[in-house]
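One file, data_19.cif, carrying mmCIF, C-alpha atoms:
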data_model
#
loop_
_atom_site.label_atom_id
_atom_site.label_comp_id
_atom_site.auth_asym_id
_atom_site.auth_seq_id
_atom_site.Cartn_x
_atom_site.Cartn_y
_atom_site.Cartn_z
CA MET A 138 80.17 98.87 45.01
CA PHE A 139 80.90 102.41 46.24
CA VAL A 140 82.49 101.10 49.43
CA VAL A 141 84.72 98.79 47.37
CA VAL A 142 85.77 101.64 45.07
CA THR A 143 86.67 103.93 47.95
CA GLY A 144 88.36 101.09 49.78
CA VAL A 145 90.52 100.21 46.79
CA ILE A 146 91.67 103.82 46.53
CA LEU A 147 92.40 104.07 50.25
CA GLY A 148 94.06 100.67 50.30
CA ILE A 149 96.56 101.65 47.63
CA LEU A 150 97.25 105.17 48.86
CA ALA A 151 96.22 106.60 52.21
CA SER A 152 94.02 109.53 51.30
CA GLY A 153 94.21 111.90 54.17
CA GLY A 154 93.43 115.07 56.03
CA ALA A 155 95.24 117.95 54.41
CA GLY A 156 94.34 120.82 56.68
CA GLU A 157 91.10 119.45 58.14
CA SER A 158 90.37 117.48 61.28
CA PRO A 159 89.04 113.92 60.94
CA GLY A 160 85.27 113.89 60.60
CA LYS A 161 85.11 117.45 59.24
CA CYS A 162 84.31 118.73 55.74
CA ARG A 163 84.56 122.27 54.40
CA ASN A 164 81.37 124.13 53.56
CA SER A 165 80.55 125.58 50.14
CA SER A 166 83.97 126.71 48.89
CA PHE A 167 86.69 124.08 48.56
CA ASP A 168 89.82 126.27 48.67
CA LEU A 169 92.68 125.02 50.82
CA GLU A 170 94.71 128.14 50.04
CA SER A 171 92.13 130.59 51.36
CA ALA A 172 93.00 132.39 54.59
CA THR A 173 89.32 133.03 55.24
CA PRO A 174 87.51 130.15 56.98
CA VAL A 175 84.46 128.91 55.09
CA GLY A 176 83.09 126.85 57.95
CA LEU A 177 83.11 123.14 58.64
CA ARG A 178 80.42 120.47 58.77
CA ASP A 179 80.47 117.07 60.45
CA ALA A 180 80.95 113.75 58.69
CA ILE A 181 80.70 111.56 61.76
CA THR A 182 81.53 107.87 62.02
CA ASP A 183 78.75 105.83 63.60
CA PRO A 184 78.00 102.09 63.23
CA ALA A 185 74.30 102.93 62.98
CA LEU A 186 74.98 105.11 59.94
CA ALA A 187 77.02 102.31 58.36
CA ALA A 188 74.08 99.92 58.83
CA GLN A 189 71.72 102.57 57.45
CA PHE A 190 73.92 102.96 54.36
CA GLN A 191 73.97 99.22 53.74
CA GLN A 192 70.22 98.82 54.17
CA ARG A 193 69.46 101.70 51.81
CA TRP A 194 71.97 100.41 49.25
CA ASP A 195 70.50 96.90 49.40
CA ASP A 196 66.98 98.31 48.92
CA PHE A 197 68.20 100.39 45.97
CA GLU A 198 69.84 97.37 44.31
CA ALA A 199 66.79 95.17 44.98
CA GLN A 200 64.54 97.64 43.20
CA LEU A 201 66.87 97.67 40.18
CA ASP A 202 67.09 93.86 40.21
CA ALA A 203 63.30 93.75 40.14
CA GLY A 204 63.30 95.77 36.91
CA SER A 205 62.36 99.22 38.22
CA PRO A 206 64.37 102.45 38.10
CA ALA A 207 65.57 103.68 41.48
CA SER A 208 67.52 106.43 43.16
CA VAL A 209 69.23 106.93 46.52
CA THR A 210 71.08 109.76 48.23
CA PHE A 211 73.86 109.26 50.78
CA GLU A 212 75.05 111.89 53.22
CA GLU A 213 78.72 112.26 54.16
CA GLY A 214 78.22 110.60 57.55
CA GLU A 215 76.74 107.49 55.93
CA LEU A 216 79.57 107.27 53.41
CA THR A 217 82.25 107.89 56.03
CA SER A 218 80.74 105.35 58.44
CA ARG A 219 80.41 102.61 55.82
CA VAL A 220 83.97 103.06 54.56
CA ALA A 221 85.25 103.12 58.15
CA GLN A 222 83.43 99.81 58.72
CA TRP A 223 85.07 98.40 55.58
CA VAL A 224 88.47 99.49 56.94
CA ASP A 225 87.78 97.66 60.22
CA ASP A 226 86.51 94.55 58.45
CA THR A 227 89.53 94.31 56.16
CA ASP A 228 92.20 95.38 58.70
CA ALA A 229 93.37 98.04 56.27
CA PRO A 230 96.23 100.12 57.73
CA LEU A 231 94.09 103.25 57.98
CA LYS A 232 92.64 105.53 60.62
CA ASP A 233 90.53 108.67 60.79
CA VAL A 234 88.74 108.01 57.50
CA THR A 235 86.58 110.90 56.28
CA ILE A 236 84.54 111.14 53.06
CA CYS A 237 83.50 114.64 51.92
CA ILE A 238 81.27 115.49 48.96
CA TYR A 239 81.47 118.79 47.08
CA ASP A 240 79.68 119.97 43.94
CA GLY A 241 80.98 117.78 41.14
CA LYS A 242 83.61 115.86 43.14
CA ALA A 243 84.34 113.70 46.17
CA GLU A 244 87.21 113.71 48.65
CA ALA A 245 88.57 110.74 50.63
CA ARG A 246 90.90 111.36 53.57
CA ALA A 247 92.68 109.22 56.15
CA THR A 248 96.02 108.60 57.79
CA ALA A 249 97.85 105.42 56.85
CA GLU A 250 101.03 103.57 56.13
CA ILE A 251 101.75 103.78 52.41
CA PRO A 252 103.46 100.64 51.11
CA TYR A 253 103.40 102.13 47.61
CA LEU A 254 106.36 104.32 48.65
CA ALA A 255 108.56 101.38 49.64
CA GLU A 256 110.51 101.48 46.39
CA LEU A 257 111.28 105.21 46.53
CA PRO A 258 114.78 106.14 47.77
CA LEU A 259 115.17 107.52 51.30
CA LEU A 260 111.59 106.80 52.36
CA GLY A 261 112.05 103.20 53.51
CA SER A 262 109.60 100.34 53.44
CA VAL A 263 106.78 102.01 55.39
CA TYR A 264 105.79 105.66 55.37
CA GLU A 265 102.95 107.19 57.36
CA THR A 266 101.49 110.57 56.50
CA ASP A 267 98.29 112.45 55.80
CA VAL A 268 97.43 112.84 52.13
CA ARG A 269 94.28 113.73 50.25
CA VAL A 270 92.78 112.44 47.01
CA LEU A 271 90.12 114.45 45.20
CA GLY A 272 88.33 112.77 42.32
CA ARG A 273 85.26 111.45 40.54
CA ILE A 274 83.91 108.02 39.66
CA ASP A 275 82.30 107.07 36.35
CA LEU A 276 79.85 104.16 36.42
CA SER A 277 78.59 104.47 32.86
CA GLY A 278 80.74 101.65 31.42
CA GLU A 279 81.25 97.97 32.11
CA HIS A 280 83.53 98.68 35.10
CA PRO A 281 83.96 101.60 37.52
CA VAL A 282 86.54 104.16 36.40
CA ILE A 283 88.01 106.83 38.67
CA THR A 284 89.59 110.13 37.69
CA VAL A 285 92.02 111.75 40.12
CA ILE A 286 91.56 115.52 40.03
CA GLU A 287 94.10 116.42 42.67
CA LEU A 288 96.56 114.74 45.02
CA ASP A 289 97.88 116.54 48.09
CA ALA A 290 100.55 114.35 49.65
CA GLY A 291 101.15 116.11 52.97
CA ASP A 292 104.68 115.37 54.23
CA ILE A 293 105.71 113.38 51.16
CA PRO A 294 108.49 115.19 49.23
CA ASP A 295 107.40 116.91 46.03
CA TRP A 296 109.66 114.70 43.93
CA ALA A 297 107.71 111.66 45.14
CA VAL A 298 104.25 113.09 44.46
CA ASP A 299 104.34 113.16 40.66
CA PRO A 300 104.99 109.42 40.13
CA ILE A 301 102.28 108.60 42.68
CA GLN A 302 99.70 110.84 41.03
CA ASN A 303 100.62 109.63 37.55
CA ASP A 304 100.27 105.98 38.51
CA LEU A 305 97.33 106.14 40.92
CA GLU A 306 94.55 106.24 38.33
CA ASP A 307 96.02 103.31 36.38
CA ILE A 308 96.59 101.21 39.51
CA VAL A 309 93.09 101.81 40.89
CA ASN A 310 91.34 101.35 37.56
CA ASP A 311 93.24 98.11 36.90
CA ARG A 312 91.87 96.75 40.18
CA LEU A 313 88.38 98.07 39.53
CA ALA A 314 88.34 96.26 36.18
CA GLY A 315 87.48 93.13 38.17
CA TYR A 316 84.17 94.64 39.33
CA ASP A 317 81.34 94.44 36.79
CA ILE A 318 78.60 97.08 36.76
CA GLU A 319 75.27 95.28 36.62
CA HIS A 320 73.00 98.29 36.13
CA ASP A 321 73.09 101.71 34.49
CA TYR A 322 74.10 104.19 37.21
CA THR A 323 74.34 107.96 37.23
CA VAL A 324 76.28 109.58 40.07
CA THR A 325 75.77 113.24 40.97
CA TYR A 326 77.93 115.03 43.54
CA ARG A 327 76.23 117.85 45.45
CA GLU A 328 77.41 119.73 48.49
CA GLY A 329 77.36 117.26 51.39
CA ARG A 330 75.75 114.33 49.56
CA ARG A 331 76.09 111.89 46.68
CA GLU A 332 73.00 111.10 44.60
CA ILE A 333 72.84 107.84 42.67
CA SER A 334 70.16 106.99 40.15
CA GLY A 335 69.92 103.68 38.38
CA GLN A 336 68.16 101.93 35.53
CA PRO A 337 67.67 98.14 35.44
#

Would you mind giving the structure from this file in structure tokens?
Amino acid sequence: MFVVVTGVILGILASGGAGESPGKCRNSSFDLESATPVGLRDAITDPALAAQFQQRWDDFEAQLDAGSPASVTFEEGELTSRVAQWVDDTDAPLKDVTICIYDGKAEARATAEIPYLAELPLLGSVYETDVRVLGRIDLSGEHPVITVIELDAGDIPDWAVDPIQNDLEDIVNDRLAGYDIEHDYTVTYREGRREISGQP
């Protein structure tokens, strides 16, 4: 489910590295305007971590399906690796995917061609840039719902950012409406990890 949600967001709009190298996340303070470095941590991509994510997610879901409450915590490397595997499996036009988790929010980054911009004047049918989407996901209803907190569109002109940000939530949530939530999930974002608890 979480891989699908992230993949849908990345597939519509390349969420990308605004100021950070691929595979790196900022420590503690998330302030792109600060001139003082706050340090970086790794969010590596590794097939073994992708397999670890999938096994732990399957075990978590199996426990819920059996009627017992369950919880699981994923580190940034596991999330990044599993989404990167999804990108490879679906041939999505993305590279350098990185997932970072901060207190209360998640960040998805990559570099990609953005077909969404094809209809905007002067940009042409394909546009490649680094942009960043910061947001949250709500799994308390019948379908996943995302909220975009911030969009940093890199090289995209400012006049093109507003329509993208205004439409992104609606586009993503319309697609996510096709995914039913089978259990009662609670998602908590903490520095460097995402905690998920569930009730049958």

For the structure shown, which residues end up in the PyMOL selection byres ((chain A and resi 233) around 6)? Put them as a short mmCIF file (atom, residue, chain, number, x, y, z; two decimals) with C-alpha atoms, keeping the file's coordinate frame, please?
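So the final result, stored in result-v1.cif, reads:
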data_model
loop_
_atom_site.label_atom_id
_atom_site.label_comp_id
_atom_site.auth_asym_id
_atom_site.auth_seq_id
_atom_site.Cartn_x
_atom_site.Cartn_y
_atom_site.Cartn_z
CA PRO A 159 89.04 113.92 60.94
CA LYS A 232 92.64 105.53 60.62
CA VAL A 234 88.74 108.01 57.50
CA ALA A 247 92.68 109.22 56.15
#

remark   = Atom pair atom CA of A:His280 + atom CA of A:Arg312, distance 10.0 Å

Gap from atom CA of A:Glu287 to atom CA of A:Asn164 - Å, one decimal =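 Atom-to-atom, atom CA of A:Glu287 and atom CA of A:Asn164 are spaced 18.4 Å apart.
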
task = Please indicate the distance in Å from atom CA of A:Cys237 to atom CA of A:Ala180, rounded to one decimal place.
result =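 Taking atom CA of A:Cys237 and atom CA of A:Ala180, their separation equals 7.3 Å.
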
As a short mmCIF file (atom, residue, chain, number, x, y, z; two decimals) with C-alpha atoms, in the coordinates of the input, please: the residues near A:Gly335 (cut-off 12 Å, only C-alpha atoms, same-chain neighbours under 4 positions excluded).
data_model
loop_
_atom_site.label_atom_id
_atom_site.label_comp_id
_atom_site.auth_asym_id
_atom_site.auth_seq_id
_atom_site.Cartn_x
_atom_site.Cartn_y
_atom_site.Cartn_z
CA TRP A 194 71.97 100.41 49.25
CA PHE A 197 68.20 100.39 45.97
CA GLU A 198 69.84 97.37 44.31
CA ALA A 199 66.79 95.17 44.98
CA GLN A 200 64.54 97.64 43.20
CA LEU A 201 66.87 97.67 40.18
CA ASP A 202 67.09 93.86 40.21
CA GLY A 204 63.30 95.77 36.91
CA SER A 205 62.36 99.22 38.22
CA PRO A 206 64.37 102.45 38.10
CA ALA A 207 65.57 103.68 41.48
CA SER A 208 67.52 106.43 43.16
CA VAL A 209 69.23 106.93 46.52
CA THR A 210 71.08 109.76 48.23
CA LEU A 276 79.85 104.16 36.42
CA SER A 277 78.59 104.47 32.86
CA ILE A 318 78.60 97.08 36.76
CA GLU A 319 75.27 95.28 36.62
CA HIS A 320 73.00 98.29 36.13
CA ASP A 321 73.09 101.71 34.49
CA TYR A 322 74.10 104.19 37.21
CA THR A 323 74.34 107.96 37.23
CA VAL A 324 76.28 109.58 40.07
CA THR A 325 75.77 113.24 40.97
#

Ground truth for the PyMOL selection byres ((chain A and resi 284) around 10), written as a PDB file with C-alpha atoms, keeping the file's coordinate frame:
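To be explicit, this is the file written out as selection12.pdb:
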ATOM      1  CA  LYS A 242      83.610 115.860  43.140  1.00  0.00           C
ATOM      2  CA  LEU A 271      90.120 114.450  45.200  1.00  0.00           C
ATOM      3  CA  GLY A 272      88.330 112.770  42.320  1.00  0.00           C
ATOM      4  CA  ARG A 273      85.260 111.450  40.540  1.00  0.00           C
ATOM      5  CA  ILE A 274      83.910 108.020  39.660  1.00  0.00           C
ATOM      6  CA  ASP A 275      82.300 107.070  36.350  1.00  0.00           C
ATOM      7  CA  VAL A 282      86.540 104.160  36.400  1.00  0.00           C
ATOM      8  CA  ILE A 283      88.010 106.830  38.670  1.00  0.00           C
ATOM      9  CA  VAL A 285      92.020 111.750  40.120  1.00  0.00           C
ATOM     10  CA  ILE A 286      91.560 115.520  40.030  1.00  0.00           C
ATOM     11  CA  GLU A 287      94.100 116.420  42.670  1.00  0.00           C
ATOM     12  CA  LEU A 305      97.330 106.140  40.920  1.00  0.00           C
ATOM     13  CA  GLU A 306      94.550 106.240  38.330  1.00  0.00           C
ATOM     14  CA  ASP A 307      96.020 103.310  36.380  1.00  0.00           C
ATOM     15  CA  VAL A 309      93.090 101.810  40.890  1.00  0.00           C
ATOM     16  CA  ASN A 310      91.340 101.350  37.560  1.00  0.00           C
TER      17      ASN A 310
END
